[in-house]
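Input: a single structure, listed below in structure tokens.
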Amino acid sequence: MTRLAWTFLRSAGWPRAALLAGTTAVATALVLVALTMLLLPSQPVEALFSLVAQPGLRYGTALATALLVLPLLLLLNQVVRLGTATRERRLAALRLAGATPAQVRRIGAIEVGLPCTVGAAAGPLVFAVLRTLLGGQQVIPGQGQHTVDLTVTPPSDVVTYSSYSGLQLIPTSVAPAWWQTVAVVVLVAAAGVVTGALASRHLIASPLGVSPRARRPAPRPRGLLLVGTGLGAMAVALAGAFGLGRLEQAVLMAGILLVVLGVISLGPWVAFRSGQRAGRRTSDPATLIAAGHLVSDPRPAGRAAVAVGVIGIGSGVAAVMEAGLFFYSSSIDPFFVTSFALAGAALVLVLLVTASTLTVHAAESLVDRRRVLAALVAAGTPVSVLRDALRREAMLAAMPLSVGGVLIGAVAAGAVGMGSMSSTVGATANLAGLLFVCGQVALTTGLTWAAIRIAIGAVAPRLLRAAAPANLRTE
Amino acid sequence: MSEVILSTRAVEKSFGRTQALRGVSLELTRGEVLAVTGPSGSGKSTLLHCLSGILRPEAGEVRYNGQRLDDLAEAPRTRLRRREFGIVLQFGQLVPELTVEQNVALPLLLEGHARSAARTAARAWLDRLDVGHLAIALPGELSGGEAQRAALARALVTGPQVVFADEPTGALDTVGGEALLDVLLSATRERGASVVLVTHDNRVAAHADREVVLVDGAFTAAGVLS
């Protein structure tokens, strides 16, 4: 069984296995980073960036780090689906040859689980590299220069300290215990194995590999419940005063998590509704094809695009906070500037991961539909129309999430900060702040648009191959 | 003498070391139904692809209405296929995510027709081919015969001069296949369009005006059938 899975794994190509292993390794490392932050004592014995060093900010930073895993998991899910059509035909042939449903499920799990396990096992190495690059600086009390770096919080028992270079984001005075590291590795690897097993689950009912042709039920907006609950929890946590206790902090984090999970689960529904609306009105062939594909199967495109919504929320919140810093504060604290730069860098990184997810989804979609695409081109459809259709499908799924996410983030953050700001500043500052937020909204949606263009541009050669006349003969 | 609408001269086409067509020459006159028969792997589909401008031959020439087709760039060849040709394959040619009506309207939308006009024309062809009641169904919900009728409607909706059909009845039973051929031939004859019918089934070929037999990429026989 394992040998069969190994053969399939090799035939699927090393790039796919490498992508699976790489994604899992980075995800494991990020979970370990978040865990290390949580292990830090309330008074650290090393110099760290204040977002990590200050107990009041640390939980939020750990949560944000853990949330960075989500886009990676979405990419992982998409990579697992890469080559699904070919794999399904192969596994269906195994069923016909006498393999039991459990055996088929096991092969699928091993095929995906093996690279995921290798990647998860390599995660601690990636963590070690990150710790070397971004680790906290051990300080010898009483030594060093009297230069103050406002973005770094020194250990509490040190009177004087050096000027610290670089970004000290990961604690080095504490580390996860061996069993904690093993637990993280096993959990991430298990997530990969489960994803692999679930990817081929419908073959159990259909050993011939023929997908059910009946219309699948449309996705429902159940995520709205999560978003509402999350926003409610955040409101409750922030309702008291500015000083947040441990309980309020926990409720706030839970609220943020619920909002993010809600936006993620809304992805397929947003894609479905967006496709439905576009398809109803358009007379443009590319939009019609894109909308039809979205309505028919909104889940893969919706899942690929949900990270855009999360980026939007983060960007909207950051926009309001930056506006507060630049237009409503008398002086600009370097700590905030560095924090916003970090947040911006994280968002751009997530956007790159999301572009990769969209690329993988588009490539997968092309392989699945190559006969239809070849037939369309044979019947006189220009390849440029099919390329436009791919791009519009991604746009229809991602842009509403992007705009919606930015607006939710901006409005929520604005509502929290408005009372304390608007009364103390003039109308000019308010207008400038508003324009700044609008600019950030435009920037985020513009970056999303650019990410989609890049993703579809990357699969353009595959589109030509998919639409080639040779595929008129493929099943 | 009938007007020649489509012709090839000494067409050759290879895939790697396999030579699919070896110097094939033929002429198709306006309104003629030509059957191309032969065993599997004889080059029938490749010939149809070269005739319709889907593939470019490596040697020889293909002319449509006297104009070299094989010399044209991809974009004008694509336009020509959309405006002048109709193509029906064995299966899997409808976009599974679009309704039957949207599938049939697609070539007209690509031509820039208004949505309502495209829908009206699509509905008229579907009604004519007895599948009007399936207009809002998805291709996956149709039987093989219904899907082929819908594909035929899409091929005919632009008013093509030549219809290329590659094993159009290959996935249908005998009765369904006969019915589809009747519809295909009556609709094209009524419009004076020509048909190139690729098949390995002699019963299907018997509906043509003329049959050419392809073996190992070359014609071995040709004759008038009716």
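Starting from 1 in every chain, residues are counted up; chains themselves are A, B, ... following the order of the structure tokens, and ligands are numbered from 1 as listed.
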
Report as a Markdown table: every residue of chain B with an atom at most 9 Å from chain A, its closest pair of atoms, and their distance in Å to one decimal, counting only C-alpha atoms, with rows sorted by chain and ascending residue number.
```
| residue | atom | partner | partner_atom | distance |
| --- | --- | --- | --- | --- |
| B:His49 | CA | A:Pro469 | CA | 8.0 |
| B:Ser52 | CA | A:Ala378 | CA | 8.4 |
| B:Gly53 | CA | A:Ala378 | CA | 8.4 |
| B:Ile54 | CA | A:Ala378 | CA | 5.8 |
| B:Leu55 | CA | A:Pro469 | CA | 7.2 |
| B:Glu74 | CA | A:Pro382 | CA | 8.7 |
| B:Ala75 | CA | A:Pro382 | CA | 7.0 |
| B:Arg77 | CA | A:Gly380 | CA | 8.0 |
| B:Thr78 | CA | A:Gly380 | CA | 4.6 |
| B:Arg79 | CA | A:Gly380 | CA | 5.9 |
| B:Leu80 | CA | A:Gly380 | CA | 7.3 |
| B:Arg81 | CA | A:Gly380 | CA | 5.0 |
| B:Arg82 | CA | A:Gly380 | CA | 4.2 |
| B:Arg83 | CA | A:Gly380 | CA | 7.9 |
| B:Phe85 | CA | A:Ala379 | CA | 7.9 |
| B:Gly86 | CA | A:Ala379 | CA | 6.8 |
| B:Ile87 | CA | A:Ala379 | CA | 5.9 |
| B:Val88 | CA | A:Ala379 | CA | 8.5 |
| B:Leu89 | CA | A:Ala375 | CA | 8.1 |
| B:Phe91 | CA | A:Glu475 | CA | 8.9 |
| B:Gly92 | CA | A:Val372 | CA | 6.2 |
| B:Gln93 | CA | A:Ala375 | CA | 5.3 |
| B:Leu94 | CA | A:Val372 | CA | 6.6 |
| B:Val95 | CA | A:Val372 | CA | 6.1 |
| B:Pro96 | CA | A:Val372 | CA | 8.1 |
| B:Glu97 | CA | A:Gly292 | CA | 4.9 |
| B:Leu98 | CA | A:Gly292 | CA | 5.2 |
| B:Thr99 | CA | A:Gly292 | CA | 8.3 |
| B:Gln102 | CA | A:Leu288 | CA | 8.3 |
| B:Leu106 | CA | A:Pro285 | CA | 6.4 |
| B:Pro107 | CA | A:Thr381 | CA | 7.5 |
| B:Leu109 | CA | A:Pro285 | CA | 5.9 |
| B:Leu110 | CA | A:Pro285 | CA | 5.9 |
| B:Gly112 | CA | A:Asp284 | CA | 8.1 |
| B:His113 | CA | A:Ser283 | CA | 8.2 |
| B:Ala114 | CA | A:Ser283 | CA | 6.6 |
| B:Arg115 | CA | A:Ser283 | CA | 4.9 |
| B:Ser116 | CA | A:Ser283 | CA | 8.6 |
| B:Ala118 | CA | A:Ser283 | CA | 8.9 |
| B:Leu138 | CA | A:Arg215 | CA | 8.4 |
| B:Pro139 | CA | A:Arg213 | CA | 8.9 |
| B:Gly140 | CA | A:Arg213 | CA | 5.2 |
| B:Glu141 | CA | A:Arg213 | CA | 6.6 |
| B:Ala155 | CA | A:Ala379 | CA | 7.8 |
```

When you look at range 160-163 of chain B with a cut-off of 12 Å (counting only C-alpha atoms), what residues show up, excluding the ones that are within fewer than 4 positions of it in the same chain? I need them as a JSON list (two decimals) with C-alpha atoms, in the first residue's frame.
```
[["chain", "number", "residue", "atom", "x", "y", "z"],
["A", 379, "ALA", "CA", -15.42, 26.07, -31.80],
["A", 380, "GLY", "CA", -13.95, 29.54, -32.16],
["B", 4, "VAL", "CA", -15.67, 23.92, -54.18],
["B", 5, "ILE", "CA", -15.91, 25.44, -50.72],
["B", 6, "LEU", "CA", -13.10, 23.61, -48.92],
["B", 28, "LEU", "CA", -15.66, 19.52, -50.60],
["B", 29, "THR", "CA", -18.39, 21.19, -52.62],
["B", 30, "ARG", "CA", -21.06, 23.51, -51.29],
["B", 31, "GLY", "CA", -23.96, 21.57, -49.77],
["B", 32, "GLU", "CA", -22.11, 18.25, -49.94],
["B", 33, "VAL", "CA", -22.09, 15.72, -47.09],
["B", 34, "LEU", "CA", -18.72, 13.98, -47.01],
["B", 35, "ALA", "CA", -18.03, 10.98, -44.79],
["B", 48, "LEU", "CA", -10.94, 17.10, -39.55],
["B", 51, "LEU", "CA", -9.72, 21.05, -42.43],
["B", 52, "SER", "CA", -11.36, 23.16, -39.74],
["B", 64, "TYR", "CA", -11.64, 27.74, -47.67],
["B", 65, "ASN", "CA", -13.51, 29.64, -50.38],
["B", 79, "ARG", "CA", -12.81, 33.93, -35.95],
["B", 80, "LEU", "CA", -13.29, 31.89, -39.10],
["B", 81, "ARG", "CA", -14.15, 28.78, -37.11],
["B", 82, "ARG", "CA", -16.66, 30.74, -35.07],
["B", 83, "ARG", "CA", -18.36, 32.48, -38.00],
["B", 84, "GLU", "CA", -18.14, 30.04, -40.89],
["B", 85, "PHE", "CA", -17.78, 26.61, -39.29],
["B", 86, "GLY", "CA", -19.78, 24.58, -36.81],
["B", 87, "ILE", "CA", -18.08, 21.82, -34.84],
["B", 88, "VAL", "CA", -19.70, 18.82, -33.15],
["B", 89, "LEU", "CA", -17.57, 16.34, -31.22],
["B", 107, "PRO", "CA", -20.87, 31.84, -29.96],
["B", 151, "ALA", "CA", -24.11, 20.72, -29.07],
["B", 152, "LEU", "CA", -25.60, 20.64, -32.57],
["B", 153, "ALA", "CA", -27.71, 23.71, -31.77],
["B", 154, "ARG", "CA", -24.54, 25.50, -30.66],
["B", 155, "ALA", "CA", -22.78, 24.49, -33.87],
["B", 156, "LEU", "CA", -25.64, 25.73, -36.04],
["B", 168, "PRO", "CA", -21.21, 12.71, -33.38],
["B", 184, "LEU", "CA", -28.02, 17.32, -38.45],
["B", 185, "LEU", "CA", -28.45, 16.56, -42.13],
["B", 187, "ALA", "CA", -30.79, 21.33, -40.78],
["B", 188, "THR", "CA", -27.63, 21.68, -42.86],
["B", 189, "ARG", "CA", -29.25, 20.71, -46.18],
["B", 190, "GLU", "CA", -31.97, 23.25, -45.60],
["B", 191, "ARG", "CA", -29.32, 25.95, -45.29],
["B", 192, "GLY", "CA", -27.19, 24.62, -48.11],
["B", 193, "ALA", "CA", -24.28, 24.04, -45.74],
["B", 194, "SER", "CA", -21.66, 21.34, -46.25],
["B", 195, "VAL", "CA", -20.88, 18.60, -43.73],
["B", 196, "VAL", "CA", -17.68, 16.70, -43.02],
["B", 197, "LEU", "CA", -18.66, 13.62, -41.05],
["B", 198, "VAL", "CA", -15.89, 11.63, -39.42]]
```

Nearest candidate to Val129 in chain A (options A:Leu30, A:Ala341, A:Val310, A:Glu393; using only C-alpha atoms):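 For Val129 in chain A, the nearest of the given residues is A:Leu30.
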
Here CA of Asp388 in chain A and CA of Ile452 in chain A stand apart by 11.4 Å

Find the residues near Thr37 in chain B: any atom within 12 Å, counting only C-alpha atoms, skip ones fewer than 4 places away on the same chain, and give them as number ranges by chain. B: 41-45, 47-48, 166-167, 196-206, 208, 210-223

Identify, on the basis of only C-alpha atoms, every residue whose closest approach to range 263-273 of chain A does not exceed 6 Å; exclude the query and any residue fewer than 4 positions from it along the same chain; express the result as a PDB file with C-alpha atoms, in the first residue's frame.
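Result went into selection22.pdb, see below:
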```pdb
ATOM      1  CA  PRO A 219     -23.422  27.423   0.229  1.00  0.00           C
ATOM      2  CA  ARG A 220     -25.160  29.207   3.062  1.00  0.00           C
ATOM      3  CA  PRO A 221     -23.996  32.327   4.898  1.00  0.00           C
ATOM      4  CA  GLY A 223     -20.264  32.468   8.708  1.00  0.00           C
ATOM      5  CA  LEU A 294     -18.409  29.994  -9.731  1.00  0.00           C
ATOM      6  CA  VAL A 295     -22.106  29.240  -9.343  1.00  0.00           C
ATOM      7  CA  PRO A 298     -18.135  28.033  -5.604  1.00  0.00           C
ATOM      8  CA  ARG A 299     -16.250  26.181  -2.867  1.00  0.00           C
ATOM      9  CA  GLY A 302     -14.182  30.756  -2.419  1.00  0.00           C
ATOM     10  CA  ARG A 303     -11.688  28.857  -0.260  1.00  0.00           C
ATOM     11  CA  VAL A 306     -10.879  33.868   1.689  1.00  0.00           C
ATOM     12  CA  ALA A 397     -14.574  35.584  -5.686  1.00  0.00           C
TER      13      ALA A 397
END
```

Determine which residues of range 33-208 of chain B receive a DSSP assignment of helix (DSSP H, G or I), computed from the backbone, and state them as a ChimeraX atom specification. /B:44-51,74-84,100-110,115-128,132-134,139-141,144-156,174-191,202-205

Fewer than 5 positions away in the same chain doesn't count, so skip those; otherwise give me all residues within 9 Å of range 336-339 of chain A, counting only C-alpha atoms, as a PyMOL selection string. chain A and resi 51+151+322+325+344

How many Å lie between CA of Pro300 in chain A and CA of Ala62 in chain A, rounded to one decimal?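 We find that CA of Pro300 in chain A and CA of Ala62 in chain A lie 29.1 Å from each other.
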
If we count only C-alpha atoms, what is near Leu180 in chain B at a cut-off of 12 Å, once residues fewer than 3 positions away on the same chain are taken out, given as a compact mmCIF listing (two decimals) with N, CA and C atoms, in the first residue's frame?
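Result file selection.txt:
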```
# COMPACT_ATOMS: atom_id res chain seq x y z
N VAL B 88 -19.03 19.72 -34.09
CA VAL B 88 -19.70 18.82 -33.15
C VAL B 88 -18.75 17.66 -32.87
N GLN B 90 -17.64 14.14 -30.23
CA GLN B 90 -18.33 12.95 -29.72
C GLN B 90 -19.00 13.22 -28.37
N LEU B 129 -34.64 21.70 -32.42
CA LEU B 129 -34.02 20.39 -32.23
C LEU B 129 -34.68 19.60 -31.10
N ASP B 130 -35.88 20.05 -30.69
CA ASP B 130 -36.69 19.34 -29.68
C ASP B 130 -36.04 19.25 -28.30
N VAL B 131 -35.22 20.22 -27.96
CA VAL B 131 -34.66 20.24 -26.60
C VAL B 131 -34.89 21.61 -25.93
N GLY B 144 -27.24 11.49 -23.23
CA GLY B 144 -26.25 11.64 -24.29
C GLY B 144 -26.85 12.26 -25.55
N GLY B 145 -28.04 11.78 -25.93
CA GLY B 145 -28.69 12.29 -27.14
C GLY B 145 -29.07 13.75 -26.99
N GLU B 146 -29.60 14.11 -25.83
CA GLU B 146 -30.00 15.50 -25.59
C GLU B 146 -28.77 16.42 -25.62
N ALA B 147 -27.68 15.95 -25.02
CA ALA B 147 -26.46 16.77 -24.99
C ALA B 147 -25.94 16.98 -26.41
N GLN B 148 -26.03 15.94 -27.25
CA GLN B 148 -25.56 16.09 -28.63
C GLN B 148 -26.46 17.03 -29.42
N ARG B 149 -27.75 17.01 -29.15
CA ARG B 149 -28.65 17.95 -29.82
C ARG B 149 -28.32 19.39 -29.41
N ALA B 150 -28.03 19.55 -28.13
CA ALA B 150 -27.66 20.89 -27.65
C ALA B 150 -26.35 21.33 -28.31
N ALA B 151 -25.40 20.40 -28.43
CA ALA B 151 -24.11 20.72 -29.07
C ALA B 151 -24.34 21.07 -30.54
N LEU B 152 -25.29 20.36 -31.17
CA LEU B 152 -25.60 20.64 -32.57
C LEU B 152 -26.23 22.03 -32.70
N ALA B 153 -27.10 22.36 -31.76
CA ALA B 153 -27.71 23.71 -31.77
C ALA B 153 -26.62 24.76 -31.67
N ALA B 165 -18.30 17.24 -38.02
CA ALA B 165 -18.83 16.38 -36.96
C ALA B 165 -17.89 15.19 -36.78
N GLU B 167 -17.34 11.87 -35.06
CA GLU B 167 -18.05 10.78 -34.37
C GLU B 167 -19.23 11.32 -33.56
N PRO B 168 -20.14 12.06 -34.18
CA PRO B 168 -21.21 12.71 -33.38
C PRO B 168 -22.16 11.73 -32.73
N THR B 169 -22.21 10.49 -33.28
CA THR B 169 -23.14 9.51 -32.71
C THR B 169 -22.40 8.44 -31.92
N GLY B 170 -21.11 8.65 -31.72
CA GLY B 170 -20.27 7.63 -31.08
C GLY B 170 -20.71 7.26 -29.68
N ALA B 171 -21.32 8.20 -28.98
CA ALA B 171 -21.71 7.91 -27.59
C ALA B 171 -23.20 7.62 -27.47
N LEU B 172 -23.87 7.43 -28.64
CA LEU B 172 -25.32 7.24 -28.61
C LEU B 172 -25.69 5.83 -29.07
N ASP B 173 -26.91 5.38 -28.69
CA ASP B 173 -27.38 4.09 -29.20
C ASP B 173 -27.83 4.27 -30.65
N THR B 174 -28.18 3.17 -31.30
CA THR B 174 -28.49 3.21 -32.73
C THR B 174 -29.64 4.17 -33.04
N VAL B 175 -30.72 4.04 -32.26
CA VAL B 175 -31.91 4.88 -32.52
C VAL B 175 -31.57 6.36 -32.30
N GLY B 176 -30.91 6.63 -31.19
CA GLY B 176 -30.53 8.01 -30.86
C GLY B 176 -29.58 8.58 -31.91
N GLY B 177 -28.66 7.75 -32.38
CA GLY B 177 -27.69 8.18 -33.38
C GLY B 177 -28.38 8.52 -34.70
N VAL B 183 -31.50 14.99 -37.86
CA VAL B 183 -31.60 16.42 -37.50
C VAL B 183 -30.43 17.19 -38.10
N LEU B 184 -29.22 16.64 -37.95
CA LEU B 184 -28.02 17.32 -38.45
C LEU B 184 -28.11 17.53 -39.96
N LEU B 185 -28.47 16.46 -40.68
CA LEU B 185 -28.45 16.56 -42.13
C LEU B 185 -29.60 17.41 -42.66
N SER B 186 -30.78 17.31 -42.01
CA SER B 186 -31.89 18.13 -42.51
C SER B 186 -31.62 19.62 -42.27
N ALA B 187 -31.06 19.92 -41.10
CA ALA B 187 -30.79 21.33 -40.78
C ALA B 187 -29.72 21.91 -41.70
N VAL B 204 -23.51 5.12 -40.32
CA VAL B 204 -23.49 6.59 -40.28
C VAL B 204 -22.99 7.13 -41.62
N HIS B 207 -25.22 7.82 -44.74
CA HIS B 207 -26.05 9.03 -44.87
C HIS B 207 -25.36 10.09 -45.73
```

DSSP strand (DSSP E) residues within range 151-213 of chain B, as a list in words: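 After running DSSP on the backbone, range 151-213 of chain B has strand (DSSP E) at Val162, Val163, Phe164, Ala165, Asp166, Ser194, Val195, Val196, Leu197, Val198, Arg210, Glu211, Val212 and Val213 of chain B.
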
Between CA of Leu261 in chain A and CA of Leu226 in chain A, what is the distance, to one decimal in Å?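 These atoms are spaced 7.1 Å apart.
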
Need to verify the contact set: Leu258 in chain A, 12 Å, only C-alpha atoms, exclusion of same-chain residues closer than 2 positions in sequence. Can you return it as number ranges by chain? A: 67, 223-234, 251-256, 260-266, 310
